[in-house]
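Trainee: query28.cif is the file, holding mmCIF, C-alpha atoms and all ligand atoms:
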```cif
data_query
#
loop_
_atom_site.label_atom_id
_atom_site.label_comp_id
_atom_site.auth_asym_id
_atom_site.auth_seq_id
_atom_site.Cartn_x
_atom_site.Cartn_y
_atom_site.Cartn_z
CA MET K 137 0.00 0.00 0.00
CA THR K 138 1.39 3.36 -0.97
CA THR K 139 1.13 5.77 1.93
CA LEU K 140 3.48 8.71 1.40
CA PRO K 141 2.42 11.36 -1.12
CA PRO K 142 5.04 11.81 -3.85
CA THR K 143 7.21 14.89 -4.23
CA PRO K 144 6.06 16.98 -7.22
CA GLY K 145 8.26 17.37 -10.29
CA GLN K 146 9.21 20.76 -11.73
CA THR K 147 10.55 21.93 -15.08
CA VAL K 148 14.20 21.22 -15.84
CA GLY K 149 14.44 24.90 -16.85
CA PRO K 150 16.77 26.45 -19.44
CA PHE K 151 20.09 26.04 -17.59
CA PHE K 152 20.31 22.29 -17.00
CA HIS K 153 23.17 21.55 -19.39
CA TYR K 154 26.10 22.00 -17.04
CA GLY K 155 24.25 20.09 -14.33
CA LEU K 156 23.03 17.15 -16.37
CA GLU K 157 24.93 16.87 -19.65
CA ILE K 158 27.30 13.93 -19.94
CA GLU K 159 30.11 13.73 -22.47
CA ARG K 160 29.41 10.67 -24.63
CA GLY K 161 26.18 10.39 -22.64
CA ASN K 162 24.39 9.54 -25.89
CA GLU K 163 26.88 6.78 -26.84
CA LEU K 164 25.46 3.58 -25.37
CA VAL K 165 27.84 1.86 -27.77
CA PRO K 166 30.84 3.36 -29.59
CA PRO K 167 29.66 5.16 -32.77
CA HIS K 168 30.04 3.36 -36.09
CA THR K 169 30.80 -0.05 -34.54
CA PRO K 170 29.38 -3.03 -36.48
CA ASP K 171 26.06 -3.43 -34.61
CA ALA K 172 25.65 0.24 -33.73
CA VAL K 173 22.33 1.85 -34.59
CA LEU K 174 21.78 5.61 -34.67
CA LEU K 175 18.47 6.64 -33.08
CA THR K 176 17.63 10.26 -33.89
CA GLY K 177 14.66 12.57 -33.95
CA ARG K 178 13.46 15.99 -32.99
CA VAL K 179 11.44 17.24 -30.03
CA LEU K 180 8.71 19.57 -31.35
CA ASP K 181 6.18 21.95 -29.80
CA GLY K 182 2.53 22.54 -30.70
CA ASN K 183 3.51 24.76 -33.64
CA GLY K 184 5.87 22.11 -34.97
CA ASP K 185 8.88 24.19 -33.93
CA PRO K 186 11.91 22.32 -32.58
CA LEU K 187 12.91 22.65 -28.91
CA GLN K 188 16.51 23.73 -28.41
CA ASP K 189 16.39 23.11 -24.67
CA ALA K 190 14.92 19.64 -24.23
CA LEU K 191 16.63 16.64 -22.67
CA VAL K 192 15.83 13.09 -23.79
CA GLU K 193 16.78 9.98 -21.82
CA ILE K 194 16.51 6.39 -23.02
CA TRP K 195 16.76 3.22 -20.95
CA GLN K 196 16.67 -0.10 -22.74
CA ALA K 197 17.34 -3.82 -22.75
CA ASP K 198 20.48 -5.11 -24.42
CA ALA K 199 20.38 -6.80 -27.83
CA ALA K 200 19.48 -10.13 -26.18
CA GLY K 201 16.54 -8.57 -24.32
CA ASN K 202 18.18 -8.58 -20.89
CA VAL K 203 18.06 -5.68 -18.45
CA PRO K 204 21.61 -4.27 -18.33
CA ARG K 205 23.02 -4.38 -14.80
CA GLY K 206 26.36 -2.84 -15.68
CA ARG K 207 27.41 0.17 -13.63
CA ALA K 208 26.83 3.49 -15.31
CA MET K 209 30.50 4.58 -15.30
CA LEU K 210 29.70 8.26 -15.48
CA ARG K 211 32.72 9.98 -14.00
CA ARG K 212 33.89 13.53 -13.61
CA PRO K 213 37.51 13.66 -14.86
CA SER K 214 38.37 16.24 -12.22
CA TYR K 215 36.28 17.92 -9.58
CA ILE K 216 38.51 21.00 -9.57
CA GLY K 217 37.10 23.54 -12.02
CA THR K 218 34.12 23.10 -14.31
CA HIS K 219 34.35 19.69 -15.97
CA PRO K 220 31.39 17.81 -17.40
CA VAL K 221 30.72 14.24 -16.37
CA ARG K 222 31.94 11.76 -18.96
CA ARG K 223 30.89 8.24 -19.85
CA GLU K 224 33.87 5.95 -19.40
CA GLY K 225 34.45 2.50 -20.78
CA THR K 226 32.40 0.62 -23.33
CA GLU K 227 30.30 -1.57 -21.04
CA PHE K 228 26.70 -1.51 -22.26
CA THR K 229 24.66 0.13 -19.48
CA GLY K 230 21.40 0.64 -21.38
CA PHE K 231 21.10 4.29 -20.35
CA GLY K 232 21.59 7.33 -22.54
CA ARG K 233 21.05 11.05 -22.19
CA SER K 234 20.93 13.57 -25.05
CA ALA K 235 20.23 17.31 -24.91
CA THR K 236 18.61 18.61 -28.09
CA THR K 237 20.68 20.68 -30.53
CA ALA K 238 19.87 24.11 -31.98
CA GLU K 239 17.81 22.17 -34.56
CA GLY K 240 15.89 20.40 -31.79
CA GLU K 241 17.52 17.06 -32.48
CA TYR K 242 18.43 14.31 -30.03
CA SER K 243 20.62 11.37 -31.03
CA PHE K 244 21.82 8.08 -29.54
CA TRP K 245 24.34 5.51 -30.70
CA THR K 246 22.99 2.24 -29.38
CA VAL K 247 21.86 -1.27 -30.32
CA ASN K 248 18.38 -2.53 -31.09
CA PRO K 249 16.82 -3.60 -27.79
CA GLY K 250 15.95 -7.30 -27.79
CA ALA K 251 12.55 -8.71 -26.88
CA ALA K 252 12.18 -9.19 -23.13
CA ALA K 253 10.20 -12.39 -23.72
CA ASP K 254 9.27 -14.49 -26.76
CA GLY K 255 6.68 -12.61 -28.78
CA SER K 256 6.96 -9.32 -26.88
CA ALA K 257 7.61 -6.08 -28.75
CA PRO K 258 11.02 -4.46 -28.03
CA PHE K 259 11.03 -0.78 -27.13
CA PHE K 260 13.15 2.00 -25.67
CA ALA K 261 11.77 3.48 -22.43
CA VAL K 262 11.97 7.27 -22.81
CA ALA K 263 11.83 10.24 -20.43
CA VAL K 264 11.53 13.78 -21.82
CA PHE K 265 12.38 17.02 -19.99
CA ALA K 266 12.37 20.60 -21.30
CA ARG K 267 12.19 24.24 -20.41
CA GLY K 268 8.48 25.03 -20.45
CA LEU K 269 7.58 21.44 -19.66
CA MET K 270 6.36 21.38 -16.05
CA ASN K 271 7.17 17.76 -15.34
CA LYS K 272 8.89 14.78 -16.92
CA LEU K 273 7.02 12.89 -19.61
CA HIS K 274 7.36 9.16 -20.18
CA THR K 275 6.86 7.51 -23.54
CA ARG K 276 8.14 4.48 -25.48
CA ILE K 277 9.83 4.11 -28.83
CA TYR K 278 9.05 0.71 -30.38
CA LEU K 279 11.11 -0.93 -33.10
CA PRO K 280 9.15 -1.08 -36.37
CA GLU K 281 9.86 -4.77 -37.09
CA ALA K 282 8.09 -7.73 -35.45
CA SER K 283 4.64 -6.68 -36.62
CA ASP K 284 2.96 -9.65 -34.86
CA ALA K 285 4.46 -8.58 -31.54
CA LEU K 286 3.46 -4.95 -32.16
CA ALA K 287 -0.12 -6.03 -32.92
CA ALA K 288 -0.24 -8.07 -29.70
CA ASP K 289 1.35 -5.40 -27.48
CA ALA K 290 -0.94 -4.35 -24.60
CA LEU K 291 -0.30 -0.64 -25.02
CA LEU K 292 -0.22 -0.43 -28.83
CA SER K 293 -3.32 -2.55 -29.30
CA SER K 294 -5.27 -0.18 -27.06
CA LEU K 295 -4.53 2.78 -29.38
CA SER K 296 -5.87 4.04 -32.70
CA GLY K 297 -3.68 3.61 -35.77
CA GLU K 298 -2.49 7.20 -35.68
CA GLU K 299 -1.73 7.06 -31.98
CA ARG K 300 0.15 3.81 -32.48
CA GLY K 301 2.27 5.52 -35.11
CA SER K 302 3.39 8.11 -32.56
CA LEU K 303 5.19 5.34 -30.64
CA VAL K 304 6.85 3.35 -33.44
CA ALA K 305 10.17 4.46 -34.96
CA SER K 306 10.92 4.31 -38.67
CA ARG K 307 13.99 2.51 -39.99
CA ASP K 308 16.08 3.75 -42.91
CA GLU K 309 17.97 1.63 -45.44
CA ARG K 310 21.17 1.90 -43.37
CA GLY K 311 19.43 0.39 -40.35
CA ASN K 312 19.17 3.62 -38.41
CA LEU K 313 16.07 4.64 -36.47
CA HIS K 314 14.18 7.92 -36.65
CA HIS K 315 11.51 9.11 -34.27
CA ASP K 316 10.14 12.61 -33.62
CA ILE K 317 8.57 13.45 -30.26
CA HIS K 318 5.63 15.87 -30.54
CA LEU K 319 4.81 17.47 -27.20
CA GLN K 320 1.57 18.86 -28.61
CA GLY K 321 -0.49 19.17 -31.79
CA GLU K 322 -2.07 16.94 -34.40
CA LYS K 323 0.78 14.46 -34.23
CA GLU K 324 0.99 14.60 -30.44
CA THR K 325 2.99 11.69 -29.04
CA ILE K 326 1.27 9.31 -26.63
CA PHE K 327 2.74 9.91 -23.18
CA LEU K 328 2.37 7.47 -20.32
CA ALA K 329 1.34 7.36 -16.68
CA PHE K 330 2.10 4.17 -14.78
CA ASN K 331 -0.15 2.05 -12.57
CA MET R 210 3.72 40.38 -27.97
CA SER R 211 3.87 42.60 -24.93
CA LEU R 212 4.70 41.02 -21.60
CA SER R 213 2.02 40.57 -18.98
CA SER R 214 2.37 42.44 -15.70
CA GLN R 215 3.02 40.65 -12.44
CA GLN R 216 -0.52 41.57 -11.40
CA GLU R 217 -1.98 39.83 -14.46
CA ILE R 218 0.10 36.71 -13.78
CA THR R 219 -0.82 36.74 -10.08
CA ASP R 220 -4.51 37.09 -10.96
CA GLU R 221 -4.27 34.15 -13.37
CA ILE R 222 -2.56 32.03 -10.71
CA ARG R 223 -5.22 32.91 -8.14
CA ALA R 224 -8.03 32.13 -10.55
CA ARG R 225 -6.55 28.73 -11.38
CA HIS R 226 -6.03 27.89 -7.73
CA ALA R 227 -9.59 28.96 -6.85
CA GLU R 228 -10.92 26.67 -9.61
CA TYR R 229 -8.81 23.83 -8.27
CA LYS R 230 -10.01 24.35 -4.69
CA ALA R 231 -13.63 24.42 -5.83
CA ALA R 232 -13.09 21.18 -7.78
CA VAL R 233 -11.55 19.46 -4.74
CA ALA R 234 -14.41 20.71 -2.55
CA ALA R 235 -16.80 19.15 -5.08
CA GLY R 236 -15.02 15.81 -4.79
CA ALA R 237 -12.19 15.94 -7.36
CA PRO R 238 -9.01 14.16 -6.25
CA GLU R 239 -6.18 16.21 -4.73
CA GLN R 240 -3.28 16.70 -7.13
CA THR R 241 0.27 15.79 -6.20
CA GLN R 242 2.01 16.94 -9.39
CA PRO R 243 2.10 20.24 -11.32
CA ASP R 244 -0.58 20.95 -13.90
CA ILE R 245 1.43 20.67 -17.12
CA GLY R 246 -0.97 23.02 -18.91
CA PHE R 247 -0.45 26.00 -16.59
CA ALA R 248 -0.65 29.06 -18.84
CA PRO R 249 0.76 31.62 -16.35
CA TYR R 250 4.09 29.92 -17.20
CA ARG R 251 4.01 31.19 -20.78
CA SER R 252 6.57 28.78 -22.23
CA SER R 253 4.38 25.85 -21.21
CA ILE R 254 1.54 26.86 -23.53
CA LEU R 255 2.92 25.09 -26.63
CA ARG R 256 5.00 22.56 -24.73
CA HIS R 257 2.49 20.35 -22.95
CA PRO R 258 0.44 17.44 -24.26
CA THR R 259 -3.28 18.16 -24.44
CA LYS R 260 -4.37 14.51 -24.47
CA ASN R 261 -4.62 12.62 -21.20
CA LEU R 262 -1.61 10.55 -20.26
CA LYS R 263 -2.19 6.91 -21.20
CA LEU R 264 -2.31 4.76 -18.06
CA VAL R 265 -0.29 1.55 -18.51
CA ASP R 266 1.29 -1.19 -16.44
CA PRO R 267 5.06 -0.70 -16.42
CA GLU R 268 6.81 -3.48 -18.30
CA THR R 269 10.22 -5.14 -18.06
CA ILE R 270 12.83 -2.42 -18.50
CA GLU R 271 10.55 0.23 -16.97
CA LEU R 272 10.58 -1.71 -13.67
CA PHE R 273 14.35 -1.31 -13.39
CA SER R 274 16.65 1.67 -13.26
CA PRO R 275 20.16 2.40 -14.45
CA THR R 276 22.54 1.32 -11.70
CA TYR R 277 24.97 3.69 -10.04
CA GLY R 278 27.56 3.24 -7.35
CA GLN R 279 30.19 5.02 -5.36
CA ARG R 280 32.75 4.37 -8.08
CA ASP R 281 30.84 6.68 -10.44
CA VAL R 282 30.93 9.67 -8.14
CA ALA R 283 33.77 11.07 -6.06
CA ASP R 284 32.86 12.03 -2.47
CA VAL R 285 34.06 15.59 -3.04
CA GLU R 286 31.48 16.15 -5.80
CA SER R 287 28.87 16.71 -3.09
CA ASP R 288 30.74 19.80 -1.85
CA LEU R 289 30.10 22.67 -4.27
CA THR R 290 32.29 25.03 -2.24
CA ILE R 291 35.64 23.32 -2.95
CA GLN R 292 35.64 23.09 -6.73
CA HIS R 293 37.91 26.08 -7.30
CA ALA R 294 41.05 27.71 -5.92
CA GLY R 295 39.11 29.99 -3.59
CA GLU R 296 35.86 29.86 -1.69
CA PRO R 297 32.60 31.00 -3.30
CA LEU R 298 30.84 34.08 -1.94
CA GLY R 299 27.51 33.63 -0.20
CA GLU R 300 25.79 31.94 2.69
CA ARG R 301 27.40 28.51 3.22
CA MET R 302 24.78 25.80 3.75
CA VAL R 303 24.19 22.07 3.99
CA ILE R 304 21.16 20.41 2.42
CA THR R 305 20.41 16.82 3.36
CA GLY R 306 17.49 14.44 3.43
CA ARG R 307 16.23 10.99 2.57
CA ILE R 308 14.97 9.62 -0.72
CA LEU R 309 12.08 7.26 -0.10
CA ASP R 310 9.59 5.26 -2.09
CA GLY R 311 5.86 5.53 -1.47
CA ASP R 312 6.09 2.90 1.29
CA GLY R 313 8.74 4.92 3.09
CA ARG R 314 11.58 2.58 2.18
CA PRO R 315 14.95 4.20 1.48
CA VAL R 316 16.19 4.42 -2.11
CA ARG R 317 19.79 3.24 -1.76
CA ASN R 318 22.84 3.70 -3.99
CA GLN R 319 21.11 5.96 -6.45
CA LEU R 320 22.36 9.04 -8.23
CA VAL R 321 21.36 12.57 -7.16
CA GLU R 322 22.42 15.45 -9.43
CA VAL R 323 22.00 19.13 -8.49
CA TRP R 324 22.62 22.45 -10.20
CA GLN R 325 21.97 26.01 -9.09
CA ALA R 326 22.67 29.72 -9.49
CA ASN R 327 25.38 31.40 -7.42
CA ALA R 328 24.69 33.67 -4.44
CA ALA R 329 24.02 36.59 -6.80
CA GLY R 330 21.39 34.63 -8.74
CA ARG R 331 23.57 33.99 -11.78
CA TYR R 332 24.05 30.61 -13.49
CA ILE R 333 27.38 29.80 -15.07
CA HIS R 334 25.34 28.64 -18.11
CA GLN R 335 26.25 30.60 -21.24
CA ARG R 336 22.62 31.36 -22.04
CA ASP R 337 22.09 33.13 -18.69
CA GLN R 338 21.97 36.87 -19.45
CA HIS R 339 21.21 38.12 -15.92
CA PRO R 340 23.63 41.05 -15.33
CA ALA R 341 24.71 39.77 -11.91
CA PRO R 342 28.32 38.76 -11.34
CA LEU R 343 29.67 35.29 -11.99
CA ASP R 344 31.66 33.88 -9.09
CA PRO R 345 35.05 32.55 -10.27
CA ASN R 346 34.96 30.14 -7.34
CA PHE R 347 31.54 28.65 -7.98
CA THR R 348 30.27 26.34 -10.72
CA GLY R 349 27.03 25.23 -9.11
CA ALA R 350 26.87 21.57 -10.15
CA GLY R 351 27.19 18.58 -7.81
CA ARG R 352 26.44 14.88 -7.56
CA CYS R 353 26.19 12.25 -4.87
CA ILE R 354 25.04 8.66 -4.37
CA THR R 355 22.48 7.93 -1.66
CA ASN R 356 23.75 5.86 1.29
CA ASP R 357 22.14 2.77 2.81
CA ALA R 358 19.58 4.92 4.61
CA GLY R 359 18.65 6.60 1.31
CA GLU R 360 20.32 9.83 2.43
CA TYR R 361 21.95 12.45 0.24
CA ARG R 362 23.94 15.44 1.48
CA PHE R 363 25.38 18.51 -0.27
CA THR R 364 27.45 21.42 0.97
CA THR R 365 26.92 24.55 -1.11
CA ILE R 366 26.05 28.24 -0.88
CA LYS R 367 22.48 29.51 -0.86
CA PRO R 368 21.49 30.46 -4.42
CA GLY R 369 20.09 33.93 -5.10
CA ALA R 370 16.72 34.75 -6.62
CA TYR R 371 16.98 35.64 -10.31
CA PRO R 372 14.95 37.45 -12.97
CA TRP R 373 13.46 35.75 -16.03
CA LYS R 374 11.39 36.88 -18.98
CA ASN R 375 8.08 35.12 -18.40
CA HIS R 376 6.42 38.46 -17.65
CA HIS R 377 7.44 41.99 -16.70
CA ASN R 378 9.58 42.06 -13.52
CA ALA R 379 9.42 38.27 -13.12
CA TRP R 380 11.69 36.77 -10.45
CA ARG R 381 12.18 33.13 -9.51
CA PRO R 382 12.25 32.26 -5.81
CA ALA R 383 15.67 30.88 -4.81
CA HIS R 384 15.89 27.18 -5.65
CA ILE R 385 18.21 24.25 -6.25
CA HIS R 386 17.46 21.91 -9.18
CA PHE R 387 17.45 18.20 -8.27
CA SER R 388 17.55 15.18 -10.61
CA ILE R 389 16.97 11.75 -9.04
CA PHE R 390 16.85 8.13 -10.18
CA GLY R 391 14.70 5.68 -8.26
CA SER R 392 14.88 1.92 -8.41
CA ALA R 393 12.47 1.89 -11.37
CA PHE R 394 12.66 4.18 -14.41
CA THR R 395 9.02 5.11 -13.77
CA GLN R 396 10.24 6.88 -10.59
CA ARG R 397 12.59 9.22 -12.45
CA ILE R 398 12.14 12.80 -11.24
CA VAL R 399 13.57 16.25 -11.93
CA THR R 400 12.37 18.94 -9.57
CA GLN R 401 13.33 22.10 -7.65
CA MET R 402 13.87 22.59 -3.92
CA TYR R 403 12.86 25.93 -2.40
CA PHE R 404 13.71 27.75 0.83
CA PRO R 405 11.22 28.39 3.64
CA GLY R 406 9.39 31.71 3.77
CA ASP R 407 10.37 33.01 0.34
CA PRO R 408 8.34 36.19 -0.38
CA LEU R 409 8.36 35.36 -4.11
CA PHE R 410 6.25 32.20 -3.69
CA PRO R 411 2.83 33.75 -4.49
CA LEU R 412 4.26 35.46 -7.58
CA ASP R 413 5.97 32.51 -9.28
CA PRO R 414 4.09 30.59 -11.98
CA ILE R 415 6.48 27.61 -11.90
CA TYR R 416 6.09 26.94 -8.17
CA ASN R 417 2.35 27.63 -8.48
CA SER R 418 1.89 25.23 -11.39
CA ILE R 419 1.46 22.77 -8.51
CA GLN R 420 -2.10 23.71 -7.67
CA ASP R 421 -2.35 22.02 -4.29
CA GLN R 422 -0.83 23.91 -1.36
CA LYS R 423 0.13 20.71 0.48
CA ALA R 424 1.92 19.48 -2.65
CA ARG R 425 3.73 22.84 -3.07
CA ASP R 426 4.87 22.60 0.55
CA ARG R 427 6.61 19.32 -0.31
CA LEU R 428 9.15 21.26 -2.39
CA VAL R 429 10.12 23.59 0.46
CA ALA R 430 13.06 22.56 2.66
CA THR R 431 12.93 22.98 6.42
CA TYR R 432 15.51 25.01 8.30
CA ASP R 433 17.10 22.64 10.83
CA HIS R 434 19.25 24.18 13.53
CA ASP R 435 20.63 20.75 14.44
CA LEU R 436 22.20 20.67 10.96
CA THR R 437 23.66 24.13 11.42
CA SER R 438 27.35 24.12 12.35
CA PRO R 439 28.70 26.80 14.72
CA GLU R 440 30.84 29.43 12.98
CA TRP R 441 30.42 27.54 9.68
CA SER R 442 27.13 26.86 7.85
CA LEU R 443 23.34 26.81 8.00
CA GLY R 444 21.46 23.52 7.69
CA TYR R 445 18.34 22.57 5.72
CA ARG R 446 16.48 19.29 5.50
CA TRP R 447 14.41 18.08 2.56
CA ASP R 448 13.06 14.56 2.01
CA ILE R 449 12.00 13.34 -1.42
CA VAL R 450 9.32 10.71 -2.00
CA LEU R 451 9.28 8.94 -5.36
CA THR R 452 6.09 7.72 -6.98
CA GLY R 453 4.95 4.23 -6.09
CA THR R 454 6.73 1.27 -4.65
CA GLN R 455 10.11 -0.05 -5.60
CA ARG R 456 10.92 -3.65 -6.33
CA THR R 457 11.88 -5.38 -3.11
CA TRP R 458 15.24 -6.45 -4.49
CA SER R 459 17.87 -3.80 -3.98
CA GLU R 460 21.37 -4.34 -5.23
CA PRO R 461 24.08 -4.15 -2.56
CA GLU R 462 26.75 -1.57 -3.16
CA GLY R 463 29.99 -3.07 -4.40
CA ALA R 464 28.39 -6.05 -6.13
CA GLU R 465 30.27 -6.65 -9.34
CA GLN R 466 28.31 -7.87 -12.31
FE FE K 501 16.70 27.67 -11.99
#
```
Show me this structure written as structure tokens.
Mentor:
Amino acid sequence: MTTLPPTPGQTVGPFFHYGLEIERGNELVPPHTPDAVLLTGRVLDGNGDPLQDALVEIWQADAAGNVPRGRAMLRRPSYIGTHPVRREGTEFTGFGRSATTAEGEYSFWTVNPGAAADGSAPFFAVAVFARGLMNKLHTRIYLPEASDALAADALLSSLSGEERGSLVASRDERGNLHHDIHLQGEKETIFLAFN
Amino acid sequence: MSLSSQQEITDEIRARHAEYKAAVAAGAPEQTQPDIGFAPYRSSILRHPTKNLKLVDPETIELFSPTYGQRDVADVESDLTIQHAGEPLGERMVITGRILDGDGRPVRNQLVEVWQANAAGRYIHQRDQHPAPLDPNFTGAGRCITNDAGEYRFTTIKPGAYPWKNHHNAWRPAHIHFSIFGSAFTQRIVTQMYFPGDPLFPLDPIYNSIQDQKARDRLVATYDHDLTSPEWSLGYRWDIVLTGTQRTWSEPEGAEQ
């Protein structure tokens, strides 16, 4: 039984970069390695304009579908002076953090998450933060393959076709993934609350 | 577009809060989170979803969290006053508290990240245009890992209030930004901690986006004289409760995978 009321969230504000940005924080695997996949997209507002001050986090299973239990290895090279935290090592930790660029784009070098169980649809768990956004938003980014699993997925099957589309990435001919996150508007992404 | 006056913003805040109170009196549930469509915060107008959040059962990866440990974070990163050759200007302070799940169980070995303005209300961030001085001895970013009791602790200086451009003569109450991981990704939270008795509270649309007074109070630290050190620093206490219950399994620190 849950008894304590939760602490409210607040906006990440405009000045989060030096507090939260991680060098190589978006490289879950080294870029351009054989199995590396580039996941990119933009974060857009209700006018379709890109957000230059959003922060996107992904958390995912490894390629075999297992929950990564590797330590994060996010170290500050020196605490004297102003040094950003840096991802060290190449252990797959399943977590990535990407601040959007001037064009509103986030990007991650990662691997395709595997299915957690036979017949389940693999996805990236996503948290979105931004100036102007009062609280975190959770969503998912599903891989476009495995159409049987997508059709059987509890969340996707409860949505209309258009809504479903807002949660499934597209794959280009080089194997890379693309997925825009619409905070508002006709193409508004489906965001999640958890039981 | 011309900026609203503080009076217009204050009136909008009051109207929204009156509506909320009437709704609760008529039986609506009390809110624990901010209203993400809170127009007095002008930047939120185009940046919040208008559809209801879709209620789902968390699955697989969402029930776990990235794992952190003492080897990720140096002890000294929790002291924001020793990151430079000299000492920062301002009121030296300690902020400490526990991170708990909804059942009151401590959230152990998890990462807490903070960032804040200096004593003059200026962020080191390059986009901060407030004409208050930078402090060459203060960056304003820190990290720590919660201990076995779920406690975090930072030594820093009290941040100043600062102006922003939401409306004419808009000022943010002094605050420290906190980012916290729970034991499930669903518990992820980024928030702001405020100081008791700030006269800017009724004027601030970000703080007031939380429509319930009891919920707003949960973001305000308590002054604690037992945490105050003679001839050295003032002490504040602030506990954080994450949404829901964590998995019962909690990884011991030092376990190698
Ligand atoms: Fe701030």
Trainee: Can you pull out the residues contacting Leu412 (chain R)? Cut-off 12 Å, using only C-alpha atoms, and skip same-chain residues under 5 positions away; I want them as a PyMOL selection string.
Mentor: chain R and resi 214-223+249-250+375-382+407+417-418
Trainee: Using only C-alpha atoms and all ligand atoms, what are the residues with an atom within 7 Å of ligand FE 501 (chain K), set out as number ranges by chain?
Mentor: K: 149, 151; R: 325-326, 384-386
Trainee: Between CA of Ser442 (chain R) and CA of Phe410 (chain R), what is the distance in Å, rounded to a tenth?
Mentor: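 Going from CA of Ser442 (chain R) over to CA of Phe410 (chain R) covers 24.4 Å.
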Trainee: So the first atom is CA of Ala358 (chain R) and the second is CA of Arg280 (chain R); what is the distance between them in Å, to one decimal place?
Mentor: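 Atom-to-atom, CA of Ala358 (chain R) to CA of Arg280 (chain R), that is 18.3 Å.
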Trainee: Using all atoms of region 347-357 of chain R listed in the file and a margin of 3 Å per side, can you give the axis-aligned box centre and edge lengths in Å to one decimal, as lines of an AutoDock Vina configuration file?
Mentor:
```
center_x = 26.8
center_y = 15.7
center_z = -4.0
size_x = 15.4
size_y = 31.9
size_z = 19.5
```
Trainee: Which residues are near Leu210 (chain K)? Cut-off 10 Å, all atoms listed in the file, ignore same chain within fewer than 6 positions. Put them as a ChimeraX atom specification.
Mentor: /K:158-161,220-225 /R:277-278,280-282
Trainee: Can you tell me how far CA of Ser243 (chain K) sits from CA of Val262 (chain K), in Å to one decimal?
Mentor: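 According to the coordinates, CA of Ser243 (chain K) and CA of Val262 (chain K) are separated by 12.6 Å.
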Trainee: Pick out the residues sitting within 10 Å of Ser256 (chain K), and hand them over as a compact mmCIF listing (two decimals) with C-alpha atoms, in the coordinates of the input; count only C-alpha atoms, and ignore anything fewer than 2 positions along from it in its own chain.
Mentor:
```txt
# COMPACT_ATOMS: atom_id res chain seq x y z
CA GLY K 201 16.54 -8.57 -24.32
CA GLY K 250 15.95 -7.30 -27.79
CA ALA K 251 12.55 -8.71 -26.88
CA ALA K 252 12.18 -9.19 -23.13
CA ALA K 253 10.20 -12.39 -23.72
CA ASP K 254 9.27 -14.49 -26.76
CA PRO K 258 11.02 -4.46 -28.03
CA PHE K 259 11.03 -0.78 -27.13
CA ALA K 282 8.09 -7.73 -35.45
CA ASP K 284 2.96 -9.65 -34.86
CA ALA K 285 4.46 -8.58 -31.54
CA LEU K 286 3.46 -4.95 -32.16
CA ALA K 287 -0.12 -6.03 -32.92
CA ALA K 288 -0.24 -8.07 -29.70
CA ASP K 289 1.35 -5.40 -27.48
CA ALA K 290 -0.94 -4.35 -24.60
```
Trainee: Distance table requested - chain K against chain R, cut-off 6 Å, only C-alpha atoms: one row per qualifying residue with the closest atom pair and its distance in Å to one decimal, ordered by chain and rising residue number, as JSON lines.
Mentor:
```
{"residue": "K:Thr138", "atom": "CA", "partner": "R:Gly311", "partner_atom": "CA", "distance": 5.0}
{"residue": "K:Thr139", "atom": "CA", "partner": "R:Asp312", "partner_atom": "CA", "distance": 5.8}
{"residue": "K:Leu140", "atom": "CA", "partner": "R:Gly311", "partner_atom": "CA", "distance": 4.9}
{"residue": "K:Pro142", "atom": "CA", "partner": "R:Val450", "partner_atom": "CA", "distance": 4.8}
{"residue": "K:Thr143", "atom": "CA", "partner": "R:Val450", "partner_atom": "CA", "distance": 5.2}
{"residue": "K:Pro144", "atom": "CA", "partner": "R:Gln242", "partner_atom": "CA", "distance": 4.6}
{"residue": "K:Gly145", "atom": "CA", "partner": "R:Thr400", "partner_atom": "CA", "distance": 4.5}
{"residue": "K:Gln146", "atom": "CA", "partner": "R:Thr400", "partner_atom": "CA", "distance": 4.2}
{"residue": "K:Phe151", "atom": "CA", "partner": "R:His334", "partner_atom": "CA", "distance": 5.9}
{"residue": "K:Gly155", "atom": "CA", "partner": "R:Trp324", "partner_atom": "CA", "distance": 5.0}
{"residue": "K:Asp181", "atom": "CA", "partner": "R:Arg256", "partner_atom": "CA", "distance": 5.2}
{"residue": "K:Gly182", "atom": "CA", "partner": "R:Leu255", "partner_atom": "CA", "distance": 4.8}
{"residue": "K:Arg207", "atom": "CA", "partner": "R:Thr276", "partner_atom": "CA", "distance": 5.4}
{"residue": "K:Ala208", "atom": "CA", "partner": "R:Tyr277", "partner_atom": "CA", "distance": 5.6}
{"residue": "K:Met209", "atom": "CA", "partner": "R:Asp281", "partner_atom": "CA", "distance": 5.3}
{"residue": "K:Leu210", "atom": "CA", "partner": "R:Asp281", "partner_atom": "CA", "distance": 5.4}
{"residue": "K:Arg211", "atom": "CA", "partner": "R:Asp281", "partner_atom": "CA", "distance": 5.2}
{"residue": "K:Tyr215", "atom": "CA", "partner": "R:Gln292", "partner_atom": "CA", "distance": 5.9}
{"residue": "K:Ile216", "atom": "CA", "partner": "R:Gln292", "partner_atom": "CA", "distance": 4.5}
{"residue": "K:Gly217", "atom": "CA", "partner": "R:His293", "partner_atom": "CA", "distance": 5.4}
{"residue": "K:Gly268", "atom": "CA", "partner": "R:Ser253", "partner_atom": "CA", "distance": 4.2}
{"residue": "K:Leu269", "atom": "CA", "partner": "R:Ser253", "partner_atom": "CA", "distance": 5.7}
{"residue": "K:Met270", "atom": "CA", "partner": "R:Ile245", "partner_atom": "CA", "distance": 5.1}
{"residue": "K:Leu319", "atom": "CA", "partner": "R:Pro258", "partner_atom": "CA", "distance": 5.3}
{"residue": "K:Gln320", "atom": "CA", "partner": "R:Pro258", "partner_atom": "CA", "distance": 4.7}
{"residue": "K:Phe327", "atom": "CA", "partner": "R:Leu262", "partner_atom": "CA", "distance": 5.3}
{"residue": "K:Leu328", "atom": "CA", "partner": "R:Lys263", "partner_atom": "CA", "distance": 4.7}
{"residue": "K:Ala329", "atom": "CA", "partner": "R:Leu264", "partner_atom": "CA", "distance": 4.7}
{"residue": "K:Phe330", "atom": "CA", "partner": "R:Val265", "partner_atom": "CA", "distance": 5.1}
{"residue": "K:Asn331", "atom": "CA", "partner": "R:Asp266", "partner_atom": "CA", "distance": 5.2}
```
